[in-house]
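K.L.:
Below is the structure I would like to discuss, written out as C-alpha cells.
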Amino acid sequence: MSSGTDCYSRALISVPLPIYSAWCSSHGLLPCCVLRVALQSLPPSAAAQRTERPGPAQTSGCLTLNEARVISRMGSAMDPSGGAYLHLGAVMSPVGTARVLQLAFGCTTFSLVAHRGGFAGVQGTFCMASWGFCFALSVLIVAFEFTKLHGCLRLSWGNFTAAFAMLATLLSATAAVIYPLYFTRLECPPEPAGCTARNFRLAASVFAGLLFLAYAAEVALTRARPGQVASYMATISGLLKIVQAFVACIIFGALVYDSRYGRYMATQWCVAVYSLCFLATVAVVVLSVLGHTGGLGCPFDRLVVVYTFLAVLLYLSAAVIWPVFCFDPKYGEPARPLHCPQGSCPWDSQLVVAIFTYVNLLLYIVDLAYSQRIRFVPTL
C-alpha cells in the first residue's frame, strides 16, 4: 500500500467524529461518514490495510487527501488533547495562592479607603492609583492563567508576570508607607469623619502591608534559583531592571519639583544621564516581555551587560557632578536654608535626587555583577 493511502486513512481516523460529521453534512459528503465509522470500528492496522484512496470517480462523494488533512487540522485545533481547559494550579499552587491573596487584600484595601477611610492630594491619589492598577492586572493574570488563555497572547508570559510582580511589590510597598504616613492617626479626626474614619484608615493600612507581603511572596516564589532555567525577568538582573526604572521615576519626580537643575550645564548632563539610562532600562524590559530579544542581531545577554557597564559609568559621573553643583558653597547650599518652606524647598528635591542617584548607582553595580553569572534563554 502506498504511503499516500496510509496518510489519508490516518488523517480520517484522527478527526473527531462530531466535527467530521458536521463538516460532511455542510459539504454534502455524508457517504464519507460511513467510511469514517467503518474505519473507527477496525483496528488501526486493519483500517490502514483496507482503506484505499478514492479514485477520480469517487472524489465527488468522498474527501480527497488534502481535504482530509484540512479537516484533521480543524479537529486538532477545536478538540485539543492537552487535558482540562481550566488550570486549577493557577489558584491552588503556592504562586496561585499568593495571587489569590493579592486579589483579596487589594480589593479590601481599595474598598476600605474608598468607602470611609478617605484620601486627598497627590499622595492619596497615588496610593489609590497603585492599588487599583495592581488589582486590575492581578485579576487579568489570574483569569488568563486559570483559563489557559495566556498562550494566545503575543508576549513572553513568564517575563510579563515576573516583571509585574516586582513592579507591584514596589508600588504596594510605597503605598503602604505613604498612606499611613499622611492619613493614619491614632486620635480621631473631627466630625463628620470621626473615629469611624480613623478605624477604616487603620484597617486599610494593615491590609496595605499585607498586600505588599503577598506580592513580595510571589517575587520570592518565582525568582530564578542558581542553575535553574527561567525567564530573564525572573532573574536577579531582570528584577533589578524594574527597581532601577522605579528609582529613576522617583528621581524624575524630585527633578520636576523645583530642583533648579537648569542652572548649570553639569546638572543638565545629570538629567540626561537619568533619562538615557531609564529609557534603555525600559527598552530591555519591554523587549523581554514582548519576546523580541532574539531578533536584535547580537546576543541579548551580552548587549545587556554592555549597557549595564555603560550605565554604571554614566551614573558614576552623575554621582560626582550632582552633589558638587548642588551642595558645594561655590555653586549651591551645603545645608538646608533656614527660610526654605517645608514641603516646597528646592534643596529638599536636590537632596532626594542625590540620595537616589547613589541608590541607582549601587543597583547598576549589583546588576553588572549578577549579569556575569546568567545566560539568557530567549524562548522563555
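Letters A, B, ... go to the chains of the C-alpha cells in the order shown; residues in each chain start at 1; ligands are counted from 1 in the same order.
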Find the spatial neighbours of Cys107 (chain A), counting only C-alpha atoms, within a cut-off of 9 Å - ignore same-chain residues fewer than 3 positions away - and output them as a PyMOL selection string.
P.N.:
chain A and resi 102-104+110-112+131-132+135
K.L.:
Write out as a list in words each polymer residue whose atoms come within 8 Å of region 242-256 of chain A, counting only C-alpha atoms; drop sequence neighbours fewer than 4 positions from it.
P.N.:
Ala163, Met166, Leu167, Leu170, Gly238, Arg260, Tyr261, Tyr274, Phe278, Thr281, Val282, Val285, Ser349, Gln350, Val352, Val353, Phe356, Thr357, Val359, Asn360, Leu363 and Tyr364 of chain A
K.L.:
Next, write the just-selected residues to a file, as a JSON list (two decimals), in the first residue's frame, keeping N, CA and C atoms as the atom set.
P.N.:
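The result, written out as again00.json:
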[["chain", "number", "residue", "atom", "x", "y", "z"],
["A", 163, "ALA", "N", 7.93, 40.54, 35.80],
["A", 163, "ALA", "CA", 8.11, 41.99, 35.81],
["A", 163, "ALA", "C", 6.98, 42.67, 36.57],
["A", 166, "MET", "N", 7.28, 42.24, 40.42],
["A", 166, "MET", "CA", 8.28, 43.13, 41.01],
["A", 166, "MET", "C", 7.78, 44.57, 41.07],
["A", 167, "LEU", "N", 7.15, 45.02, 39.97],
["A", 167, "LEU", "CA", 6.62, 46.38, 39.95],
["A", 167, "LEU", "C", 5.51, 46.55, 40.98],
["A", 170, "LEU", "N", 6.92, 46.96, 44.46],
["A", 170, "LEU", "CA", 7.43, 48.31, 44.72],
["A", 170, "LEU", "C", 6.30, 49.31, 44.93],
["A", 238, "GLY", "N", 17.07, 40.72, 35.95],
["A", 238, "GLY", "CA", 15.80, 41.21, 35.43],
["A", 238, "GLY", "C", 14.99, 41.96, 36.47],
["A", 260, "ARG", "N", 15.68, 73.04, 40.34],
["A", 260, "ARG", "CA", 16.59, 74.03, 39.74],
["A", 260, "ARG", "C", 17.76, 73.37, 39.01],
["A", 261, "TYR", "N", 17.46, 72.29, 38.31],
["A", 261, "TYR", "CA", 18.53, 71.59, 37.60],
["A", 261, "TYR", "C", 18.99, 72.33, 36.35],
["A", 274, "TYR", "N", 20.15, 60.37, 33.68],
["A", 274, "TYR", "CA", 18.99, 59.70, 34.24],
["A", 274, "TYR", "C", 18.00, 59.27, 33.15],
["A", 278, "PHE", "N", 17.22, 55.41, 31.99],
["A", 278, "PHE", "CA", 15.83, 54.99, 32.19],
["A", 278, "PHE", "C", 15.23, 54.43, 30.90],
["A", 281, "THR", "N", 16.73, 51.04, 30.10],
["A", 281, "THR", "CA", 16.22, 50.00, 31.00],
["A", 281, "THR", "C", 14.81, 49.59, 30.63],
["A", 282, "VAL", "N", 13.97, 50.57, 30.34],
["A", 282, "VAL", "CA", 12.59, 50.27, 29.92],
["A", 282, "VAL", "C", 12.60, 49.48, 28.61],
["A", 285, "VAL", "N", 13.29, 45.86, 29.36],
["A", 285, "VAL", "CA", 12.12, 45.20, 29.95],
["A", 285, "VAL", "C", 11.06, 44.93, 28.89],
["A", 349, "SER", "N", 14.48, 68.74, 47.23],
["A", 349, "SER", "CA", 14.43, 67.98, 45.97],
["A", 349, "SER", "C", 15.83, 67.60, 45.52],
["A", 350, "GLN", "N", 16.77, 68.52, 45.66],
["A", 350, "GLN", "CA", 18.15, 68.21, 45.28],
["A", 350, "GLN", "C", 18.73, 67.09, 46.14],
["A", 352, "VAL", "N", 16.97, 64.65, 47.58],
["A", 352, "VAL", "CA", 16.33, 63.40, 47.14],
["A", 352, "VAL", "C", 17.00, 62.87, 45.88],
["A", 353, "VAL", "N", 17.28, 63.76, 44.92],
["A", 353, "VAL", "CA", 17.94, 63.33, 43.69],
["A", 353, "VAL", "C", 19.32, 62.76, 43.99],
["A", 356, "PHE", "N", 18.98, 59.17, 45.71],
["A", 356, "PHE", "CA", 18.56, 58.09, 44.81],
["A", 356, "PHE", "C", 19.50, 57.92, 43.62],
["A", 357, "THR", "N", 20.33, 58.91, 43.35],
["A", 357, "THR", "CA", 21.40, 58.70, 42.37],
["A", 357, "THR", "C", 22.38, 57.65, 42.87],
["A", 359, "VAL", "N", 21.65, 55.39, 45.12],
["A", 359, "VAL", "CA", 20.91, 54.13, 45.18],
["A", 359, "VAL", "C", 20.93, 53.43, 43.83],
["A", 360, "ASN", "N", 20.65, 54.17, 42.77],
["A", 360, "ASN", "CA", 20.63, 53.56, 41.45],
["A", 360, "ASN", "C", 22.04, 53.15, 41.00],
["A", 363, "LEU", "N", 22.55, 49.87, 42.51],
["A", 363, "LEU", "CA", 21.74, 48.86, 41.84],
["A", 363, "LEU", "C", 22.38, 48.44, 40.51],
["A", 364, "TYR", "N", 22.90, 49.38, 39.77],
["A", 364, "TYR", "CA", 23.54, 49.04, 38.50],
["A", 364, "TYR", "C", 24.83, 48.25, 38.70]]
K.L.:
Report as a PyMOL selection string all protein, DNA and RNA residues lying within 12 Å of Ala266 (chain A), evaluated on only C-alpha atoms, omitting residues in the same chain fewer than 4 positions from it.
P.N.:
chain A and resi 260-262+270-273+317-326+331
K.L.:
With all heavy atoms retained, could you export that selection as a short mmCIF file (atom, residue, chain, number, x, y, z; two decimals), in the first residue's frame?
P.N.:
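Output (part.cif):
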data_model
loop_
_atom_site.label_atom_id
_atom_site.label_comp_id
_atom_site.auth_asym_id
_atom_site.auth_seq_id
_atom_site.Cartn_x
_atom_site.Cartn_y
_atom_site.Cartn_z
N ARG A 260 15.68 73.04 40.34
CA ARG A 260 16.59 74.03 39.74
C ARG A 260 17.76 73.37 39.01
O ARG A 260 18.91 73.84 39.07
CB ARG A 260 17.12 74.98 40.80
CG ARG A 260 16.04 75.81 41.48
CD ARG A 260 16.63 76.72 42.55
NE ARG A 260 15.57 77.48 43.21
CZ ARG A 260 15.80 78.32 44.24
NH1 ARG A 260 17.04 78.48 44.71
NH2 ARG A 260 14.80 78.98 44.79
N TYR A 261 17.46 72.29 38.31
CA TYR A 261 18.53 71.59 37.60
C TYR A 261 18.99 72.33 36.35
O TYR A 261 20.04 72.01 35.78
CB TYR A 261 18.08 70.18 37.21
CG TYR A 261 16.95 70.13 36.21
CD1 TYR A 261 17.20 70.18 34.84
CD2 TYR A 261 15.63 70.04 36.63
CE1 TYR A 261 16.16 70.15 33.93
CE2 TYR A 261 14.59 69.99 35.72
CZ TYR A 261 14.86 70.05 34.38
OH TYR A 261 13.83 70.02 33.48
N GLY A 262 18.23 73.32 35.89
CA GLY A 262 18.59 74.03 34.67
C GLY A 262 19.60 75.14 34.86
O GLY A 262 19.95 75.83 33.88
N CYS A 270 23.46 65.58 34.16
CA CYS A 270 22.95 64.55 35.07
C CYS A 270 21.53 64.13 34.69
O CYS A 270 21.20 62.94 34.71
CB CYS A 270 22.99 65.06 36.51
SG CYS A 270 24.64 65.37 37.15
N VAL A 271 20.71 65.10 34.33
CA VAL A 271 19.34 64.78 33.90
C VAL A 271 19.36 63.94 32.64
O VAL A 271 18.57 63.00 32.48
CB VAL A 271 18.53 66.08 33.69
CG1 VAL A 271 17.14 65.77 33.14
CG2 VAL A 271 18.41 66.85 35.00
N ALA A 272 20.28 64.25 31.72
CA ALA A 272 20.41 63.44 30.51
C ALA A 272 20.83 62.01 30.83
O ALA A 272 20.35 61.06 30.21
CB ALA A 272 21.42 64.10 29.56
N VAL A 273 21.69 61.85 31.82
CA VAL A 273 22.11 60.51 32.25
C VAL A 273 20.92 59.73 32.80
O VAL A 273 20.69 58.57 32.44
CB VAL A 273 23.23 60.62 33.30
CG1 VAL A 273 23.47 59.26 33.97
CG2 VAL A 273 24.51 61.12 32.66
N SER A 317 29.40 59.28 36.96
CA SER A 317 29.64 60.70 36.68
C SER A 317 28.57 61.58 37.32
O SER A 317 28.87 62.64 37.87
CB SER A 317 29.68 60.93 35.16
OG SER A 317 28.40 60.70 34.57
N ALA A 318 27.30 61.14 37.26
CA ALA A 318 26.23 61.92 37.88
C ALA A 318 26.37 61.95 39.39
O ALA A 318 26.07 62.97 40.04
CB ALA A 318 24.87 61.35 37.48
N ALA A 319 26.83 60.85 39.98
CA ALA A 319 27.01 60.79 41.44
C ALA A 319 28.09 61.75 41.92
O ALA A 319 28.09 62.15 43.10
CB ALA A 319 27.34 59.37 41.86
N VAL A 320 29.01 62.12 41.04
CA VAL A 320 30.06 63.07 41.40
C VAL A 320 29.61 64.50 41.10
O VAL A 320 29.79 65.42 41.91
CB VAL A 320 31.36 62.75 40.64
CG1 VAL A 320 32.40 63.84 40.88
CG2 VAL A 320 31.90 61.39 41.06
N ILE A 321 28.98 64.69 39.94
CA ILE A 321 28.65 66.04 39.47
C ILE A 321 27.49 66.64 40.26
O ILE A 321 27.54 67.80 40.68
CB ILE A 321 28.33 66.02 37.97
CG1 ILE A 321 29.59 65.68 37.18
CG2 ILE A 321 27.76 67.34 37.50
CD1 ILE A 321 29.36 65.49 35.70
N TRP A 322 26.42 65.88 40.47
CA TRP A 322 25.22 66.45 41.08
C TRP A 322 25.48 67.01 42.49
O TRP A 322 25.10 68.16 42.78
CB TRP A 322 24.10 65.42 41.11
CG TRP A 322 22.82 65.97 41.66
CD1 TRP A 322 22.39 65.93 42.95
CD2 TRP A 322 21.81 66.67 40.93
NE1 TRP A 322 21.18 66.55 43.09
CE2 TRP A 322 20.80 67.01 41.85
CE3 TRP A 322 21.65 67.03 39.60
CZ2 TRP A 322 19.65 67.70 41.48
CZ3 TRP A 322 20.50 67.72 39.23
CH2 TRP A 322 19.52 68.04 40.15
N PRO A 323 26.12 66.28 43.42
CA PRO A 323 26.36 66.86 44.74
C PRO A 323 27.27 68.09 44.69
O PRO A 323 27.07 69.03 45.48
CB PRO A 323 27.03 65.72 45.52
CG PRO A 323 26.61 64.48 44.81
CD PRO A 323 26.54 64.86 43.37
N VAL A 324 28.23 68.10 43.77
CA VAL A 324 29.15 69.25 43.70
C VAL A 324 28.39 70.51 43.32
O VAL A 324 28.55 71.58 43.93
CB VAL A 324 30.29 68.96 42.71
CG1 VAL A 324 31.10 70.24 42.44
CG2 VAL A 324 31.19 67.86 43.25
N PHE A 325 27.55 70.44 42.30
CA PHE A 325 26.87 71.63 41.79
C PHE A 325 25.58 71.95 42.56
O PHE A 325 24.92 72.94 42.25
CB PHE A 325 26.55 71.46 40.31
CG PHE A 325 27.74 71.69 39.43
CD1 PHE A 325 28.66 70.67 39.19
CD2 PHE A 325 27.98 72.94 38.87
CE1 PHE A 325 29.76 70.89 38.38
CE2 PHE A 325 29.08 73.17 38.07
CZ PHE A 325 29.98 72.14 37.82
N CYS A 326 25.23 71.13 43.54
CA CYS A 326 24.04 71.43 44.34
C CYS A 326 24.38 71.78 45.79
O CYS A 326 23.67 72.57 46.42
CB CYS A 326 23.08 70.25 44.32
SG CYS A 326 22.25 69.98 42.74
N TYR A 331 28.62 76.69 44.29
CA TYR A 331 27.51 76.59 43.33
C TYR A 331 26.15 76.51 44.01
O TYR A 331 25.14 76.89 43.40
CB TYR A 331 27.69 75.36 42.45
CG TYR A 331 29.01 75.33 41.71
CD1 TYR A 331 30.06 74.51 42.17
CD2 TYR A 331 29.21 76.08 40.57
CE1 TYR A 331 31.27 74.47 41.49
CE2 TYR A 331 30.42 76.05 39.89
CZ TYR A 331 31.44 75.24 40.35
OH TYR A 331 32.64 75.20 39.69
#
K.L.:
What separation in Å, quoted to one decimal, exists between CA of Gln342 (chain A) and CA of Ser259 (chain A)?
P.N.:
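Between CA of Gln342 (chain A) and CA of Ser259 (chain A) the gap works out to 14.2 Å.
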K.L.:
Show me, as a ChimeraX atom specification, the residues that have an atom within 12 Å of Asn199 (chain A) when counting only C-alpha atoms, minus same-chain residues fewer than 5 positions from it.
P.N.:
/A:112-113,115-118,180,183-189,193-194,204-206
